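Below is one structure; the comments refer to it alone.
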Amino acid sequence: MSLRQEDVQRIAHLARLAITDEEAARTLAQLNDIFRMIERMRAVDTQGVEPMSHPLGGAQRLRADAVTDIPDRERNLANAPARQDGLFLVPRVLE
Amino acid sequence: MARSSQSGYGGWQVVIGLETHAQLSTASKIFSGASTAFGAEPNTQASVVDLALPGVLPVLNRGAVERAIRFGLAVGATIAPRSVFARKNYFYPDLPKGYQISQYEIPVVQGGSLSCIVEGRGFEPYAKTVRLTRAHLEEDAGKSLHEDYSGMSGIDLNRAGTPLLEIVTEPDIQVDDIERAASEAVAYARALHSLVTWLGICDGNMQEGSFRCDANVSVRRPGASLGTRCEIKNLNSFRFMHQAIVYEAKRQIDLIESGDVVVQETRLYDPDRDETRSMRSKEDAMDYRYFPDPDLLPLEIDAAWIERVRADLPELPAAMRTRFVEAHGLSDYDAGLLTADAATARYFEAVVAALPPGQAKLAANWINGDVAAAVNAAGGSIIGCPVSAAQLAGLLARVVDGTINQKGAKEVFSALWAGEGASPDALIESRGLRQISDAGALEGIVDAVLAANPKSVEEFRAGKEKAFNALVGQVMKQSRGKANPQQVNDILRAKLAG
């Protein structure tokens with residue numbers, strides 16, 4: 001499988017990255033290198049091998065259901081470019 | 001719509017699958033220690049984890065996992081011994097991380113099913129079982145407020161990180177009738193709502209968004225392969241859900257019949273205009289690029305934990321309904337009403353336990369009748385009912401032993417409801433509601449009524465049964481409602497025959 005430049009632009013759009021055609025061409029070459037490596041890995045017989053979802057072994061540690069964090073709103077809002085009535089303000093979004 | 005009559009949509013099958021987000025009733029968030037309480041000042045419950053500040057890491061809440069297990073066991077599902085959290089990537093201002101932590105390939109709850117009773121106009125109630133595909137844990141997003149903030153949108157992240165259980169069904173609702181398809185969807189949603197509140201894993205408050213349903217609706221000719229579906233969002237009441245599905249099915253049929261095609265999209269239901277409209281078209285359809293979240297190790301649930309949760313499960317609504325029918329001789333309908341929510345069931349059981357044996361039907365009639373009517377009129381739930389189970393039982397005991405009749409009981413109930421007294425017995429005395437069962441006293445009243453109503457007596461003797469009821473009414477009136485109705489009947493019959 002290999003990508004086309006439109007695929008790179010689409011993925012960049014999904015990640016909200018503005019990239020030039022030149023950057024897209026360079027990224028395309030790099031991504032296709034990665035896909036070639038994946039192709040080689042696919043040749044390995046993985047029958048009976050459990051898929052790995054995390055490089056570390058073990059299981060998720062759980063915490064008790066208790067309120068342990070009282071957020072400091074003033075501090076958390078301090079770096080916001082715009083705020084009003086305790087809200088973060090962002091450029092108008094409408095669905 | 002082009003057509004007004006239901007019959008105009010014959011020959012089509014409506015197929016529905018449902019996705020429900022149930023907000024889990026934990027004290028703290030799924031991955032942070034911030035509170036989940038509803039209605040706090042904006043952003044006062046948004047912790048650094050919920051805000052996605054650099055360097056923070058999620059730590060999973062045991063209480064959220066336990067509620068998912070509880071749900072899975074109640075619907076007969078498999079609890080995955082190992083499940084995986086994944087990142088669902090999209091950009092929106094109320095999603096600070098740029099991704100939602102969810103479960104994708106391996107959810108915690110797999111399979112299961114839910115049964116419900118489908119009711120509606122024009123058909124007899126029937127049972128329906130809907131298979132569940134899965135239920136997975138995920139975090140909620142914040143809220144965007146689009147009122148005018150100097151031309152900008154306001155963001156409140158209090159809800160960000162609130163634990164959700166997303167419950168997904170198979171497209172098991174497949175009905176050749178639009179109304180009935182919508183009724184099945186609503187019956188499923190009601191049963192699910194009842195179950196999650198019963199289990200205590202979700203408060204079920206639809207207005208506050210604690211229980212949100214989305215419906216995937218498509219139409220096809222019976223026997224054809226599945227049609228293109230649309231996902232309808234914003235179904236925040238059962239009534240709107242019904243209306244939205246009916247509207248959407250008709251819209252799709254109209255489109256196809258006029259030679260057009262259904263476009264796969266997300267549509268929003270607008271209750272004010274009773275229509276669905278496009279929210280996201282296929283062009284910018286989401287590509288979420290799921291991948292396992294490297295911040296979270298797999299969730300492992302051992303058999304011992306599952307067994308502990310199983311041992312702690314309450315009797316489930318369906319089992320209790322059957323028990324009410326079998327042990328108390330109630331109708332399935334009455335038993336269904338009593339087990340519609342846990343608080344009503346508990347109330348009923350408390351009343352029955354305090355009454356002499358064999359009075360469950362009386363208790364059921366009162367709870368499904370006068371109590372339900374008063375609770376509904378007050379717009380509340382039985383949890384806040386001002387007449388306690390002990391008070392109702394005390395009142396009904398006086399009906400059972402003949403101290404008062406039903407009419408007097410209703411008056412006492414109203415007085416208890418209004419807080420005019422706490423003791424049914426004291427209210428019966430202070431209002432003089434003790435019914436007259438003294439044969440001598442009743443005969444006196446009956447004689448007077450017969451003497452004063454010769455016309456009714458004549459009509460009754462001529463075969464008019466109605467005249468008898470008029471005479472009973474007169475006696476009740478003369479006794480100011482306190483006569484024992486059964487005794488009045490007997491005495492009247494005897495005197496008229498004589």
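Residues in the structure tokens are numbered from 1 in each chain, the chains being A, B, ... in the order shown, and ligands are numbered from 1 in the order shown.
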Can you tell me, as a PDB file with N, CA and C atoms, in the first residue's frame, what residues are no more than 12 Å from Ala22 in chain B when counting only C-alpha atoms, ignoring any on the same chain fewer than 2 positions away?
```pdb
ATOM      1  N   GLU B  19     -28.037   4.000  20.219  1.00  0.00           N
ATOM      2  CA  GLU B  19     -26.826   4.224  21.011  1.00  0.00           C
ATOM      3  C   GLU B  19     -27.216   5.155  22.144  1.00  0.00           C
ATOM      4  N   THR B  20     -26.940   4.721  23.354  1.00  0.00           N
ATOM      5  CA  THR B  20     -27.321   5.531  24.511  1.00  0.00           C
ATOM      6  C   THR B  20     -26.093   5.863  25.343  1.00  0.00           C
ATOM      7  N   LEU B  24     -22.493   7.912  34.249  1.00  0.00           N
ATOM      8  CA  LEU B  24     -22.366   7.063  35.430  1.00  0.00           C
ATOM      9  C   LEU B  24     -22.347   7.910  36.703  1.00  0.00           C
ATOM     10  N   SER B  25     -22.984   7.375  37.747  1.00  0.00           N
ATOM     11  CA  SER B  25     -23.241   8.156  38.964  1.00  0.00           C
ATOM     12  C   SER B  25     -22.069   8.167  39.928  1.00  0.00           C
ATOM     13  N   THR B  26     -20.877   8.370  39.427  1.00  0.00           N
ATOM     14  CA  THR B  26     -19.713   8.424  40.309  1.00  0.00           C
ATOM     15  C   THR B  26     -19.610   9.817  40.937  1.00  0.00           C
ATOM     16  N   ALA B  64     -16.294   3.802  38.186  1.00  0.00           N
ATOM     17  CA  ALA B  64     -16.854   3.795  36.830  1.00  0.00           C
ATOM     18  C   ALA B  64     -16.801   2.376  36.267  1.00  0.00           C
ATOM     19  N   ARG B  67     -19.465   0.150  37.859  1.00  0.00           N
ATOM     20  CA  ARG B  67     -20.811   0.385  37.316  1.00  0.00           C
ATOM     21  C   ARG B  67     -20.979  -0.277  35.953  1.00  0.00           C
ATOM     22  N   ALA B  68     -19.927  -0.267  35.149  1.00  0.00           N
ATOM     23  CA  ALA B  68     -19.998  -0.938  33.845  1.00  0.00           C
ATOM     24  C   ALA B  68     -20.187  -2.444  34.044  1.00  0.00           C
ATOM     25  N   PHE B  71     -23.752  -3.156  35.058  1.00  0.00           N
ATOM     26  CA  PHE B  71     -24.652  -3.120  33.910  1.00  0.00           C
ATOM     27  C   PHE B  71     -24.511  -4.390  33.080  1.00  0.00           C
ATOM     28  N   ALA B 135     -21.136  -2.352  25.366  1.00  0.00           N
ATOM     29  CA  ALA B 135     -21.208  -1.120  26.155  1.00  0.00           C
ATOM     30  C   ALA B 135     -19.779  -0.785  26.529  1.00  0.00           C
ATOM     31  N   HIS B 136     -19.391   0.441  26.272  1.00  0.00           N
ATOM     32  CA  HIS B 136     -18.008   0.807  26.584  1.00  0.00           C
ATOM     33  C   HIS B 136     -17.912   2.067  27.428  1.00  0.00           C
ATOM     34  N   LEU B 137     -16.805   2.171  28.155  1.00  0.00           N
ATOM     35  CA  LEU B 137     -16.536   3.329  29.005  1.00  0.00           C
ATOM     36  C   LEU B 137     -15.886   4.424  28.189  1.00  0.00           C
ATOM     37  N   GLU B 138     -16.286   5.660  28.456  1.00  0.00           N
ATOM     38  CA  GLU B 138     -15.620   6.794  27.825  1.00  0.00           C
ATOM     39  C   GLU B 138     -15.844   8.048  28.647  1.00  0.00           C
ATOM     40  N   GLU B 139     -15.167   9.117  28.253  1.00  0.00           N
ATOM     41  CA  GLU B 139     -15.319  10.379  28.964  1.00  0.00           C
ATOM     42  C   GLU B 139     -16.211  11.317  28.157  1.00  0.00           C
ATOM     43  N   ASP B 140     -16.946  12.169  28.873  1.00  0.00           N
ATOM     44  CA  ASP B 140     -17.777  13.166  28.212  1.00  0.00           C
ATOM     45  C   ASP B 140     -16.918  14.370  27.833  1.00  0.00           C
ATOM     46  N   THR B 162     -16.469  13.534  32.599  1.00  0.00           N
ATOM     47  CA  THR B 162     -17.527  12.818  33.314  1.00  0.00           C
ATOM     48  C   THR B 162     -17.659  11.416  32.712  1.00  0.00           C
ATOM     49  N   PRO B 163     -17.754  10.382  33.549  1.00  0.00           N
ATOM     50  CA  PRO B 163     -17.795   9.023  32.985  1.00  0.00           C
ATOM     51  C   PRO B 163     -19.113   8.713  32.282  1.00  0.00           C
ATOM     52  N   LEU B 164     -19.001   8.109  31.115  1.00  0.00           N
ATOM     53  CA  LEU B 164     -20.175   7.680  30.360  1.00  0.00           C
ATOM     54  C   LEU B 164     -20.063   6.194  30.069  1.00  0.00           C
ATOM     55  N   LEU B 165     -21.226   5.535  30.017  1.00  0.00           N
ATOM     56  CA  LEU B 165     -21.280   4.183  29.474  1.00  0.00           C
ATOM     57  C   LEU B 165     -22.085   4.304  28.191  1.00  0.00           C
ATOM     58  N   GLU B 166     -21.449   4.027  27.050  1.00  0.00           N
ATOM     59  CA  GLU B 166     -22.190   4.084  25.785  1.00  0.00           C
ATOM     60  C   GLU B 166     -22.686   2.678  25.474  1.00  0.00           C
ATOM     61  N   ILE B 167     -24.007   2.551  25.376  1.00  0.00           N
ATOM     62  CA  ILE B 167     -24.648   1.251  25.213  1.00  0.00           C
ATOM     63  C   ILE B 167     -25.199   1.159  23.794  1.00  0.00           C
ATOM     64  N   VAL B 168     -24.708   0.189  23.034  1.00  0.00           N
ATOM     65  CA  VAL B 168     -25.015   0.117  21.612  1.00  0.00           C
ATOM     66  C   VAL B 168     -25.819  -1.153  21.319  1.00  0.00           C
ATOM     67  N   ALA B 189     -35.786   2.090  25.023  1.00  0.00           N
ATOM     68  CA  ALA B 189     -35.128   3.191  25.736  1.00  0.00           C
ATOM     69  C   ALA B 189     -35.682   3.324  27.153  1.00  0.00           C
ATOM     70  N   LEU B 192     -34.297   0.501  29.242  1.00  0.00           N
ATOM     71  CA  LEU B 192     -32.889   0.754  29.557  1.00  0.00           C
ATOM     72  C   LEU B 192     -32.778   1.817  30.649  1.00  0.00           C
ATOM     73  N   HIS B 193     -33.586   2.852  30.514  1.00  0.00           N
ATOM     74  CA  HIS B 193     -33.605   3.929  31.514  1.00  0.00           C
ATOM     75  C   HIS B 193     -33.973   3.361  32.883  1.00  0.00           C
ATOM     76  N   SER B 194     -35.022   2.539  32.878  1.00  0.00           N
ATOM     77  CA  SER B 194     -35.461   1.921  34.125  1.00  0.00           C
ATOM     78  C   SER B 194     -34.342   1.066  34.723  1.00  0.00           C
ATOM     79  N   LEU B 195     -33.642   0.317  33.860  1.00  0.00           N
ATOM     80  CA  LEU B 195     -32.593  -0.590  34.356  1.00  0.00           C
ATOM     81  C   LEU B 195     -31.404   0.174  34.958  1.00  0.00           C
ATOM     82  N   VAL B 196     -30.918   1.193  34.251  1.00  0.00           N
ATOM     83  CA  VAL B 196     -29.720   1.882  34.761  1.00  0.00           C
ATOM     84  C   VAL B 196     -30.026   2.646  36.049  1.00  0.00           C
ATOM     85  N   THR B 197     -31.255   3.174  36.173  1.00  0.00           N
ATOM     86  CA  THR B 197     -31.592   3.859  37.430  1.00  0.00           C
ATOM     87  C   THR B 197     -31.815   2.824  38.527  1.00  0.00           C
ATOM     88  N   GLY B 200     -28.769   1.804  39.962  1.00  0.00           N
ATOM     89  CA  GLY B 200     -28.099   2.895  40.658  1.00  0.00           C
ATOM     90  C   GLY B 200     -26.801   3.322  39.995  1.00  0.00           C
ATOM     91  N   ILE B 201     -26.653   3.015  38.690  1.00  0.00           N
ATOM     92  CA  ILE B 201     -25.398   3.392  38.020  1.00  0.00           C
ATOM     93  C   ILE B 201     -25.534   4.720  37.283  1.00  0.00           C
ATOM     94  N   CYS B 202     -26.775   5.255  37.180  1.00  0.00           N
ATOM     95  CA  CYS B 202     -27.036   6.486  36.430  1.00  0.00           C
ATOM     96  C   CYS B 202     -28.273   7.121  37.041  1.00  0.00           C
ATOM     97  N   ASP B 203     -28.287   8.460  37.179  1.00  0.00           N
ATOM     98  CA  ASP B 203     -29.467   9.071  37.797  1.00  0.00           C
ATOM     99  C   ASP B 203     -30.628   9.212  36.811  1.00  0.00           C
ATOM    100  N   GLY B 204     -30.358   8.989  35.522  1.00  0.00           N
ATOM    101  CA  GLY B 204     -31.441   8.953  34.527  1.00  0.00           C
ATOM    102  C   GLY B 204     -32.057  10.300  34.200  1.00  0.00           C
ATOM    103  N   ASN B 205     -31.478  11.387  34.684  1.00  0.00           N
ATOM    104  CA  ASN B 205     -32.069  12.702  34.438  1.00  0.00           C
ATOM    105  C   ASN B 205     -31.834  13.145  32.990  1.00  0.00           C
ATOM    106  N   MET B 206     -32.894  13.050  32.181  1.00  0.00           N
ATOM    107  CA  MET B 206     -32.740  13.342  30.754  1.00  0.00           C
ATOM    108  C   MET B 206     -32.579  14.840  30.504  1.00  0.00           C
ATOM    109  N   GLU B 208     -31.019  16.967  32.338  1.00  0.00           N
ATOM    110  CA  GLU B 208     -29.635  17.359  32.623  1.00  0.00           C
ATOM    111  C   GLU B 208     -28.642  16.613  31.743  1.00  0.00           C
ATOM    112  N   GLY B 209     -29.155  15.781  30.825  1.00  0.00           N
ATOM    113  CA  GLY B 209     -28.276  15.082  29.889  1.00  0.00           C
ATOM    114  C   GLY B 209     -27.618  13.839  30.454  1.00  0.00           C
ATOM    115  N   SER B 210     -28.141  13.304  31.557  1.00  0.00           N
ATOM    116  CA  SER B 210     -27.534  12.110  32.143  1.00  0.00           C
ATOM    117  C   SER B 210     -27.848  10.846  31.350  1.00  0.00           C
ATOM    118  N   PHE B 211     -28.864  10.922  30.481  1.00  0.00           N
ATOM    119  CA  PHE B 211     -29.279   9.742  29.710  1.00  0.00           C
ATOM    120  C   PHE B 211     -29.660  10.244  28.316  1.00  0.00           C
ATOM    121  N   ARG B 212     -28.771  10.014  27.340  1.00  0.00           N
ATOM    122  CA  ARG B 212     -28.969  10.596  26.010  1.00  0.00           C
ATOM    123  C   ARG B 212     -29.042   9.485  24.964  1.00  0.00           C
ATOM    124  N   CYS B 213     -30.076   9.523  24.166  1.00  0.00           N
ATOM    125  CA  CYS B 213     -30.259   8.492  23.145  1.00  0.00           C
ATOM    126  C   CYS B 213     -30.020   9.052  21.753  1.00  0.00           C
ATOM    127  N   ASP B 214     -29.320   8.271  20.932  1.00  0.00           N
ATOM    128  CA  ASP B 214     -29.216   8.563  19.506  1.00  0.00           C
ATOM    129  C   ASP B 214     -29.820   7.369  18.790  1.00  0.00           C
TER     130      ASP B 214
END
```
Name the residues of range 53-258 of chain B that come out as strand (DSSP E or B) in a backbone DSSP run; write them as an NGL selection string.
:B and (60-61 or 78-79 or 82-83 or 85-89 or 99-103 or 109-110 or 113-120 or 123-139 or 143-149 or 152-156 or 163-169 or 173-175 or 211-220 or 230-235)
Which one is closest to Arg4 in chain A: A:Ala82, A:Ala29, A:Val67, A:Ala43? Count only C-alpha atoms.
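Checking each candidate against Arg4 in chain A, we get A:Ala29 as the closest.
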Residue list for chain B near chain A as a ChimeraX atom specification, 8 Å, only C-alpha atoms:
/B:26-28,32-35,41-48,59-64,84,90,93,146,149,151-156,279,287,292,294,296-300
Skip Glu443 in chain B itself and residues of its chain fewer than 5 positions away, then list as a short mmCIF file (atom, residue, chain, number, x, y, z; two decimals) with C-alpha atoms, in the first residue's frame all residues within 10 Å of it, counting only C-alpha atoms.
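Now in around-v9.cif:
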```
data_model
loop_
_atom_site.label_atom_id
_atom_site.label_comp_id
_atom_site.auth_asym_id
_atom_site.auth_seq_id
_atom_site.Cartn_x
_atom_site.Cartn_y
_atom_site.Cartn_z
CA ASP B 438 -74.45 -0.02 62.26
CA ALA B 448 -86.15 7.64 54.78
CA VAL B 449 -84.67 7.55 51.28
CA VAL B 475 -78.36 6.87 50.82
CA GLN B 487 -74.19 -2.91 53.58
CA VAL B 488 -76.32 -0.24 51.90
CA ILE B 491 -80.24 -3.53 53.02
CA LEU B 492 -81.71 -1.81 49.95
CA LYS B 495 -86.15 -3.86 51.52
#
```
Would you pick out the contacts of Asp21 in chain A at 9 Å or less, using only C-alpha atoms, so that residues sharing its chain but fewer than 4 positions from it are not included, and give the list as a list in words?
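Listed by chain and then number, they are Gln5, Gln9, Ala25 and Arg26 of chain A.
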Please list as a tab-separated table (two decimals) with N, CA and C atoms, in the first residue's frame every residue within 9 Å of range 366-368 of chain B, counting only C-alpha atoms and excluding residues in the same chain fewer than 2 positions away.
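Dumped to result-v3.tsv:
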```
chain	number	residue	atom	x	y	z
B	334	ASP	N	-50.22	-4.17	36.00
B	334	ASP	CA	-50.00	-3.53	37.30
B	334	ASP	C	-48.57	-3.76	37.78
B	337	LEU	N	-46.17	-1.53	35.99
B	337	LEU	CA	-46.16	-0.14	36.47
B	337	LEU	C	-45.38	-0.03	37.79
B	338	LEU	N	-45.59	-1.02	38.66
B	338	LEU	CA	-44.94	-0.97	39.97
B	338	LEU	C	-43.43	-1.16	39.89
B	344	THR	N	-40.66	3.18	43.27
B	344	THR	CA	-42.06	2.75	43.30
B	344	THR	C	-42.14	1.31	43.81
B	347	TYR	N	-41.60	1.22	47.50
B	347	TYR	CA	-42.78	1.79	48.17
B	347	TYR	C	-43.88	0.73	48.25
B	348	PHE	N	-44.13	0.08	47.12
B	348	PHE	CA	-45.16	-0.97	47.07
B	348	PHE	C	-44.85	-2.08	48.07
B	361	LYS	N	-53.32	-6.41	46.02
B	361	LYS	CA	-54.06	-5.82	44.90
B	361	LYS	C	-54.58	-4.43	45.28
B	362	LEU	N	-55.07	-4.32	46.54
B	362	LEU	CA	-55.54	-3.02	47.03
B	362	LEU	C	-54.40	-2.00	47.02
B	363	ALA	N	-53.24	-2.45	47.52
B	363	ALA	CA	-52.07	-1.57	47.55
B	363	ALA	C	-51.68	-1.15	46.13
B	364	ALA	N	-51.68	-2.11	45.20
B	364	ALA	CA	-51.30	-1.82	43.81
B	364	ALA	C	-52.26	-0.82	43.20
B	370	ASP	N	-54.35	6.57	42.86
B	370	ASP	CA	-54.31	7.86	43.55
B	370	ASP	C	-52.90	8.39	43.80
B	371	VAL	N	-51.99	7.49	44.21
B	371	VAL	CA	-50.64	7.95	44.51
B	371	VAL	C	-49.96	8.43	43.23
B	372	ALA	N	-50.03	7.61	42.15
B	372	ALA	CA	-49.38	7.98	40.90
B	372	ALA	C	-49.97	9.29	40.36
B	373	ALA	N	-51.29	9.44	40.46
B	373	ALA	CA	-51.94	10.65	39.94
B	373	ALA	C	-51.44	11.88	40.70
B	392	LEU	N	-49.59	5.27	54.12
B	392	LEU	CA	-50.56	4.67	53.18
B	392	LEU	C	-51.03	3.32	53.70
B	396	LEU	N	-54.80	2.22	54.40
B	396	LEU	CA	-55.43	1.09	53.72
B	396	LEU	C	-55.88	0.02	54.71
```
So that I can see what lies close to Lys143 in chain B, please list as a PyMOL selection string the residues with an atom at most 8 Å from it, counting only C-alpha atoms and leaving out residues fewer than 6 positions away in the same chain.
chain B and resi 94+155-160
Between B:Leu355, B:Asn365, B:Arg221, B:Ala422, which residue has the minimum interatomic distance to Ser331 in chain B, considering only C-alpha atoms?
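Under the stated criterion, the closest residue is B:Asn365.
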Determine, counting only C-alpha atoms, which protein, DNA and RNA residues have an atom within 8 Å of an atom of Ser456 in chain B; residues of the same chain fewer than 5 positions away are not included. Present the result as a ChimeraX atom specification.
/B:467-468,470-471
Can those selected residues be exported to a file as a PDB file, in the first residue's frame so that it contains N, CA and C atoms?
```pdb
ATOM      1  N   ALA B 467     -82.290   2.703  38.508  1.00  0.00           N
ATOM      2  CA  ALA B 467     -82.997   3.326  39.624  1.00  0.00           C
ATOM      3  C   ALA B 467     -82.398   2.882  40.953  1.00  0.00           C
ATOM      4  N   PHE B 468     -81.886   1.651  40.974  1.00  0.00           N
ATOM      5  CA  PHE B 468     -81.264   1.124  42.191  1.00  0.00           C
ATOM      6  C   PHE B 468     -80.031   1.945  42.554  1.00  0.00           C
ATOM      7  N   ALA B 470     -79.448   4.955  41.734  1.00  0.00           N
ATOM      8  CA  ALA B 470     -79.862   6.288  42.174  1.00  0.00           C
ATOM      9  C   ALA B 470     -80.200   6.257  43.662  1.00  0.00           C
ATOM     10  N   LEU B 471     -80.840   5.159  44.076  1.00  0.00           N
ATOM     11  CA  LEU B 471     -81.209   5.034  45.495  1.00  0.00           C
ATOM     12  C   LEU B 471     -79.966   4.875  46.378  1.00  0.00           C
TER      13      LEU B 471
END
```
Interatomic distance between CA of Thr403 in chain B and CA of Pro485 in chain B?
12.1 Å
For Lys477 in chain B, which residue among B:Ile445, B:Leu316, B:Ile173, B:Ala494 is the nearest when counting only C-alpha atoms?
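Smallest separation from Lys477 in chain B among the options: B:Ile445.
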DSSP on the backbone: which residues in chain A end up as alpha helix (DSSP H)? Give the answer as a ChimeraX atom specification.
/A:5-14,21-42,73-77
